[in-house]
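Q: Hey, dropping entry.pdb in here, PDB, C-alpha atoms, pLDDT in the B column:
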MODEL        1
ATOM      1  CA  MET K   9       0.000   0.000   0.000  1.00 59.00           C
ATOM      2  CA  ASP K  10       2.813   2.417   0.816  1.00 68.00           C
ATOM      3  CA  SER K  11       4.378   1.859  -2.596  1.00 79.00           C
ATOM      4  CA  LEU K  12       1.061   2.700  -4.271  1.00 78.00           C
ATOM      5  CA  LEU K  13       0.897   5.949  -2.325  1.00 76.00           C
ATOM      6  CA  LYS K  14       4.378   6.746  -3.620  1.00 81.00           C
ATOM      7  CA  LEU K  15       3.181   6.636  -7.222  1.00 83.00           C
ATOM      8  CA  PRO K  16       3.465  10.070  -8.828  1.00 86.00           C
ATOM      9  CA  GLU K  17       0.163  11.878  -9.328  1.00 84.00           C
ATOM     10  CA  GLY K  18      -1.574  10.460 -12.418  1.00 83.00           C
ATOM     11  CA  ALA K  19       0.806   7.498 -12.681  1.00 86.00           C
ATOM     12  CA  ALA K  20      -0.485   3.948 -12.996  1.00 89.00           C
ATOM     13  CA  TYR K  21       0.745   0.517 -11.964  1.00 88.00           C
ATOM     14  CA  ARG K  22      -0.410  -2.340 -14.193  1.00 91.00           C
ATOM     15  CA  GLU K  23      -0.058  -6.070 -13.745  1.00 91.00           C
ATOM     16  CA  SER K  24      -1.406  -8.980 -15.782  1.00 90.00           C
ATOM     17  CA  ASN K  25      -1.583 -12.685 -15.104  1.00 87.00           C
ATOM     18  CA  ASP K  26      -2.984 -14.746 -17.973  1.00 83.00           C
ATOM     19  CA  ARG K  27      -6.415 -13.227 -18.600  1.00 83.00           C
ATOM     20  CA  ALA K  28      -6.630 -11.195 -15.394  1.00 88.00           C
ATOM     21  CA  HIS K  29      -5.509  -7.580 -15.379  1.00 91.00           C
ATOM     22  CA  VAL K  30      -5.283  -5.011 -12.598  1.00 94.00           C
ATOM     23  CA  GLU K  31      -4.462  -1.323 -12.693  1.00 94.00           C
ATOM     24  CA  ALA K  32      -3.829   0.992  -9.747  1.00 94.00           C
ATOM     25  CA  THR K  33      -3.741   4.749 -10.220  1.00 91.00           C
ATOM     26  CA  HIS K  34      -3.009   7.560  -7.807  1.00 87.00           C
ATOM     27  CA  GLN K  35      -5.111  10.688  -8.281  1.00 85.00           C
ATOM     28  CA  GLY K  36      -5.708  13.451  -5.767  1.00 84.00           C
ATOM     29  CA  GLY K  37      -4.429  11.391  -2.856  1.00 82.00           C
ATOM     30  CA  VAL K  38      -6.839   8.563  -3.704  1.00 87.00           C
ATOM     31  CA  ILE K  39      -5.813   5.145  -5.013  1.00 88.00           C
ATOM     32  CA  TYR K  40      -8.150   3.712  -7.661  1.00 92.00           C
ATOM     33  CA  ILE K  41      -7.916   0.005  -8.450  1.00 94.00           C
ATOM     34  CA  THR K  42      -9.556  -1.516 -11.508  1.00 94.00           C
ATOM     35  CA  GLY K  43      -9.562  -5.208 -12.363  1.00 92.00           C
ATOM     36  CA  THR K  44     -10.702  -7.016 -15.486  1.00 87.00           C
ATOM     37  CA  CYS K  45     -10.766 -10.568 -16.737  1.00 85.00           C
ATOM     38  CA  ASP K  46     -10.939 -11.304 -20.462  1.00 81.00           C
ATOM     39  CA  SER K  47     -13.121 -14.394 -20.064  1.00 84.00           C
ATOM     40  CA  LEU K  48     -15.524 -12.520 -17.776  1.00 82.00           C
ATOM     41  CA  GLN K  49     -15.732  -9.661 -20.275  1.00 80.00           C
ATOM     42  CA  ARG K  50     -16.627 -12.130 -23.019  1.00 84.00           C
ATOM     43  CA  GLN K  51     -19.408 -13.548 -20.846  1.00 88.00           C
ATOM     44  CA  VAL K  52     -20.746 -10.073 -20.132  1.00 89.00           C
ATOM     45  CA  GLU K  53     -20.781  -9.275 -23.852  1.00 90.00           C
ATOM     46  CA  TYR K  54     -22.492 -12.608 -24.624  1.00 93.00           C
ATOM     47  CA  TYR K  55     -25.265 -12.046 -22.071  1.00 96.00           C
ATOM     48  CA  GLU K  56     -25.723  -8.414 -23.126  1.00 96.00           C
ATOM     49  CA  ALA K  57     -26.210  -9.550 -26.727  1.00 96.00           C
ATOM     50  CA  LEU K  58     -28.617 -12.279 -25.584  1.00 97.00           C
ATOM     51  CA  TYR K  59     -30.580  -9.731 -23.551  1.00 97.00           C
ATOM     52  CA  HIS K  60     -30.833  -7.306 -26.474  1.00 97.00           C
ATOM     53  CA  THR K  61     -31.954 -10.076 -28.833  1.00 97.00           C
ATOM     54  CA  ALA K  62     -34.658 -11.222 -26.399  1.00 97.00           C
ATOM     55  CA  ARG K  63     -35.775  -7.641 -25.713  1.00 97.00           C
ATOM     56  CA  ASN K  64     -36.033  -6.880 -29.431  1.00 96.00           C
ATOM     57  CA  ALA K  65     -38.036 -10.064 -30.048  1.00 97.00           C
ATOM     58  CA  LEU K  66     -40.386  -9.188 -27.185  1.00 97.00           C
ATOM     59  CA  GLU K  67     -40.875  -5.637 -28.485  1.00 96.00           C
ATOM     60  CA  GLN K  68     -41.606  -7.002 -31.958  1.00 97.00           C
ATOM     61  CA  LYS K  69     -44.230  -9.406 -30.579  1.00 96.00           C
ATOM     62  CA  GLN K  70     -45.782  -6.621 -28.513  1.00 96.00           C
ATOM     63  CA  ASP K  71     -46.023  -4.444 -31.631  1.00 95.00           C
ATOM     64  CA  GLU K  72     -47.638  -7.316 -33.562  1.00 94.00           C
ATOM     65  CA  LEU K  73     -50.178  -7.882 -30.782  1.00 94.00           C
ATOM     66  CA  ASN K  74     -50.965  -4.169 -30.604  1.00 93.00           C
ATOM     67  CA  ARG K  75     -51.525  -4.011 -34.378  1.00 93.00           C
ATOM     68  CA  ALA K  76     -53.733  -7.117 -34.248  1.00 92.00           C
ATOM     69  CA  GLU K  77     -55.752  -5.615 -31.394  1.00 90.00           C
ATOM     70  CA  GLU K  78     -56.205  -2.354 -33.318  1.00 91.00           C
ATOM     71  CA  GLY K  79     -57.328  -4.327 -36.384  1.00 89.00           C
ATOM     72  CA  ARG K  80     -60.121  -5.956 -34.365  1.00 87.00           C
ATOM     73  CA  ARG K  81     -61.593  -2.611 -33.364  1.00 80.00           C
TER      74      ARG K  81
ENDMDL
END
Using structure tokens, write down the structure from this file.

A:
Amino acid sequence: MDSLLKLPEGAAYRESNDRAHVEATHQGGVIYITGTCDSLQRQVEYYEALYHTARNALEQKQDELNRAEEGRR
């Protein structure tokens, strides 16, 4: 922790191990730590795409039902 506080203002420390990555930055006396994992990011992107596909299909069906309902009036 002391060595992170000794980082110059705006400097960053980065470390990677296989697919895991961490970055520590020192800004305004505060240490910010960010971590990522490539395989986790791929899963997030997969599920976001799945969500958008399902949402779009649902919206399309809702529009079809609304048009059918209006046609019956």

Q: When the PyMOL selection byres ((chain K and resi 17) around 12) is applied to the file above, which residues end up in the set, as JSON, numbers by chain?

A: {"K": [12, 13, 14, 15, 16, 18, 19, 20, 21, 32, 33, 34, 35, 36, 37, 38, 39, 40]}

Q: Can you tell me how far CA of His29 (chain K) sits from CA of Ser11 (chain K), in Å to one decimal?

A: 18.7 Å

Q: Give me, please, the distance in Å between CA of Leu73 (chain K) and CA of Thr61 (chain K), quoted to one decimal.

A: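 CA of Thr61 (chain K) lies 18.5 Å from CA of Leu73 (chain K).
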
Q: On this file, the PyMOL selection byres ((chain K and resi 27) around 9) gives some set of residues; write that set as a compact mmCIF listing (two decimals) with C-alpha atoms, in the frame of the given file.

A:
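Result saved to expr27.txt:
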# COMPACT_ATOMS: atom_id res chain seq x y z
CA SER K 24 -1.41 -8.98 -15.78
CA ASN K 25 -1.58 -12.68 -15.10
CA ASP K 26 -2.98 -14.75 -17.97
CA ALA K 28 -6.63 -11.20 -15.39
CA HIS K 29 -5.51 -7.58 -15.38
CA THR K 44 -10.70 -7.02 -15.49
CA CYS K 45 -10.77 -10.57 -16.74
CA ASP K 46 -10.94 -11.30 -20.46
CA SER K 47 -13.12 -14.39 -20.06

Q: How many Å separate CA of Arg75 (chain K) from CA of Leu58 (chain K)?

A: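 Between these atoms lies a distance of 25.9 Å.
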